[in-house]
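Asks: Got a structure for you, written out below as structure tokens; questions coming shortly.
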Amino acid sequence: MTTIVYNAKSRSMLSDSRAFSGSHHPIGAKKKIHRIEAGKYKGSLLGVSSGVPGMNEFVTQWVTGGMSKEAFGTNEPDFEALLVKVDGSRFFFNNSPYPSGPIEADFIAIGSGCEYALGAFRAGADTLGAVNVAIECDPFSEPPIVTLQLDKSDANQPSMIGRVVRLFRKYRGTATQ
């Protein structure tokens with residue numbers, strides 16, 4: 001269903017992009033790793049793997065909303081996820097709204113290609129190489145590879161574009177957003 005890895009030393013999360021259709025038939029590409037844009041976990045990175053269509057989006061909204069246990073209602077959680085907070089602490093979810101962690105590991109891999117990625121990393125591959133090996137070996141992982149960088153300095157700051165626009169308005173008065 002996916003390959004998602006996090007390298008604590010480089011503070012980067014990478015994933016493949018294969019959209020899972022519930023079978024071996026690929027249906028396209030989708031985003032599997034996210035930067036949480038609002039709420040208590042703003043700036044955190046989240047990677048979600050699930051065989052249930054729509055679960056990725058549900059879990060992302062759930063984390064953005066603060067991870068209320070009641071939000072799952074009667075739904076059975078069927079996902080694996082990795083949440084990396086802005087401070088670098090790492091939490092693992094496995095079919096439960098209760099995280100395990102913080103996890104102390106330099107390299108964490110989840111999803112159907114996790115064993116391939118972990119093996120490649122331990123054999124000396126860098127993070128990108130580990131995901132490439134998983135894509136080659138796991139039939140449920142495909143390119144393109146997506147990368148997000150954890151950057152705690154910008155977690156609660158306005159975007160760089162927003163700052164430039166505000167500066168331009170202040171000194172020129174003509175910028176539009």
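Identifiers in this document derive from the order of the structure tokens: chains are assigned A, B, ..., residues are numbered from 1 separately in each chain, and ligands are numbered from 1 in order of occurrence.
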Would you kindly return, as number ranges by chain, each protein, DNA or RNA residue with an atom no farther than 12 Å from any atom of Ile135 (chain A), considering only C-alpha atoms and excluding same-chain residues fewer than 4 positions away?
Replies: A: 1-4, 14-18, 111-117, 120, 128-131, 139-145
Asks: Near Phe72 (chain A), counting only C-alpha atoms, which residues have an atom at most 10 Å away, once you skip same-chain residues fewer than 4 positions from it, shown as a list in words?
Replies: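 Counting only the stated atoms, we get Phe58, Val59, Trp62, Met67, Ser68, Glu76, Pro77, Ser96 and Pro97 of chain A.
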Asks: List the spatial neighbours of Ala38 (chain A) as a list in words - criterion: any atom at most 12 Å away, only C-alpha atoms, same-chain residues fewer than 2 positions off excluded.
Replies: His34, Arg35, Ile36, Lys40, Tyr41, Lys42, Gly43, Ser44, Leu45, Thr60, Gln61, Trp62, Val63, Thr64, Gly65, Gly66, Ala155, Asn156, Gln157 and Pro158 of chain A
Asks: Taking into account only C-alpha atoms, which residue in the set A:Ala123, A:Ala81, A:Ala109, A:Val133 is nearest to Ala8 (chain A)?
Replies: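 Of A:Ala123, A:Ala81, A:Ala109, A:Val133, the one nearest Ala8 (chain A) is A:Ala109, counting only C-alpha atoms.
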Asks: Considering only strand (DSSP E or B) as DSSP defines it on the backbone, what residues of region 2-47 of chain A qualify? List them as a VMD selection string.
Replies: chain A and resid 4 to 7 12 to 15 18 29 33 to 35 45 to 47
Asks: Just want the 9 Å neighbourhood of Ser10 (chain A), counted on only C-alpha atoms, with same-chain residues fewer than 5 positions away dropped. Output as an mmCIF file with all heavy atoms, in the first residue's frame.
Replies:
```
data_model
loop_
_atom_site.group_PDB
_atom_site.id
_atom_site.type_symbol
_atom_site.label_atom_id
_atom_site.label_comp_id
_atom_site.auth_asym_id
_atom_site.auth_seq_id
_atom_site.Cartn_x
_atom_site.Cartn_y
_atom_site.Cartn_z
ATOM 1 N N THR A 127 18.402 7.869 2.606
ATOM 2 C CA THR A 127 16.944 7.813 2.726
ATOM 3 C C THR A 127 16.279 7.670 1.362
ATOM 4 O O THR A 127 15.384 6.840 1.180
ATOM 5 C CB THR A 127 16.423 9.063 3.459
ATOM 6 O OG1 THR A 127 17.160 9.235 4.667
ATOM 7 C CG2 THR A 127 14.954 8.928 3.791
ATOM 8 N N GLN A 149 10.383 18.223 4.560
ATOM 9 C CA GLN A 149 11.416 18.521 5.537
ATOM 10 C C GLN A 149 10.767 19.079 6.793
ATOM 11 O O GLN A 149 9.934 19.979 6.703
ATOM 12 C CB GLN A 149 12.382 19.549 4.939
ATOM 13 C CG GLN A 149 13.635 19.767 5.717
ATOM 14 C CD GLN A 149 14.572 18.582 5.605
ATOM 15 O OE1 GLN A 149 14.650 17.913 4.589
ATOM 16 N NE2 GLN A 149 15.278 18.319 6.687
ATOM 17 N N LEU A 150 11.134 18.557 7.962
ATOM 18 C CA LEU A 150 10.650 19.096 9.227
ATOM 19 C C LEU A 150 11.479 20.333 9.540
ATOM 20 O O LEU A 150 12.704 20.279 9.572
ATOM 21 C CB LEU A 150 10.811 18.066 10.346
ATOM 22 C CG LEU A 150 10.247 18.471 11.705
ATOM 23 C CD1 LEU A 150 8.732 18.626 11.627
ATOM 24 C CD2 LEU A 150 10.610 17.437 12.752
#
```
Asks: Name the residues of region 20-122 of chain A that fall into helix (DSSP H, G or I) according to DSSP on the backbone, using the chain letters and numbers of this document, as a list in words.
Replies: Met55, Asn56, Glu57, Phe58, Val59, Thr60, Gln61, Trp62, Val63, Thr64, Lys69, Glu70, Ala71, Phe72, Cys114, Glu115, Tyr116, Ala117, Leu118, Gly119, Ala120, Phe121 and Arg122 of chain A
Asks: What is the CA of Gly119 (chain A)-CA of Arg90 (chain A) distance in Å, reported with one decimal?
Replies: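 Spanning CA of Gly119 (chain A) to CA of Arg90 (chain A) is a straight-line distance of 20.3 Å.
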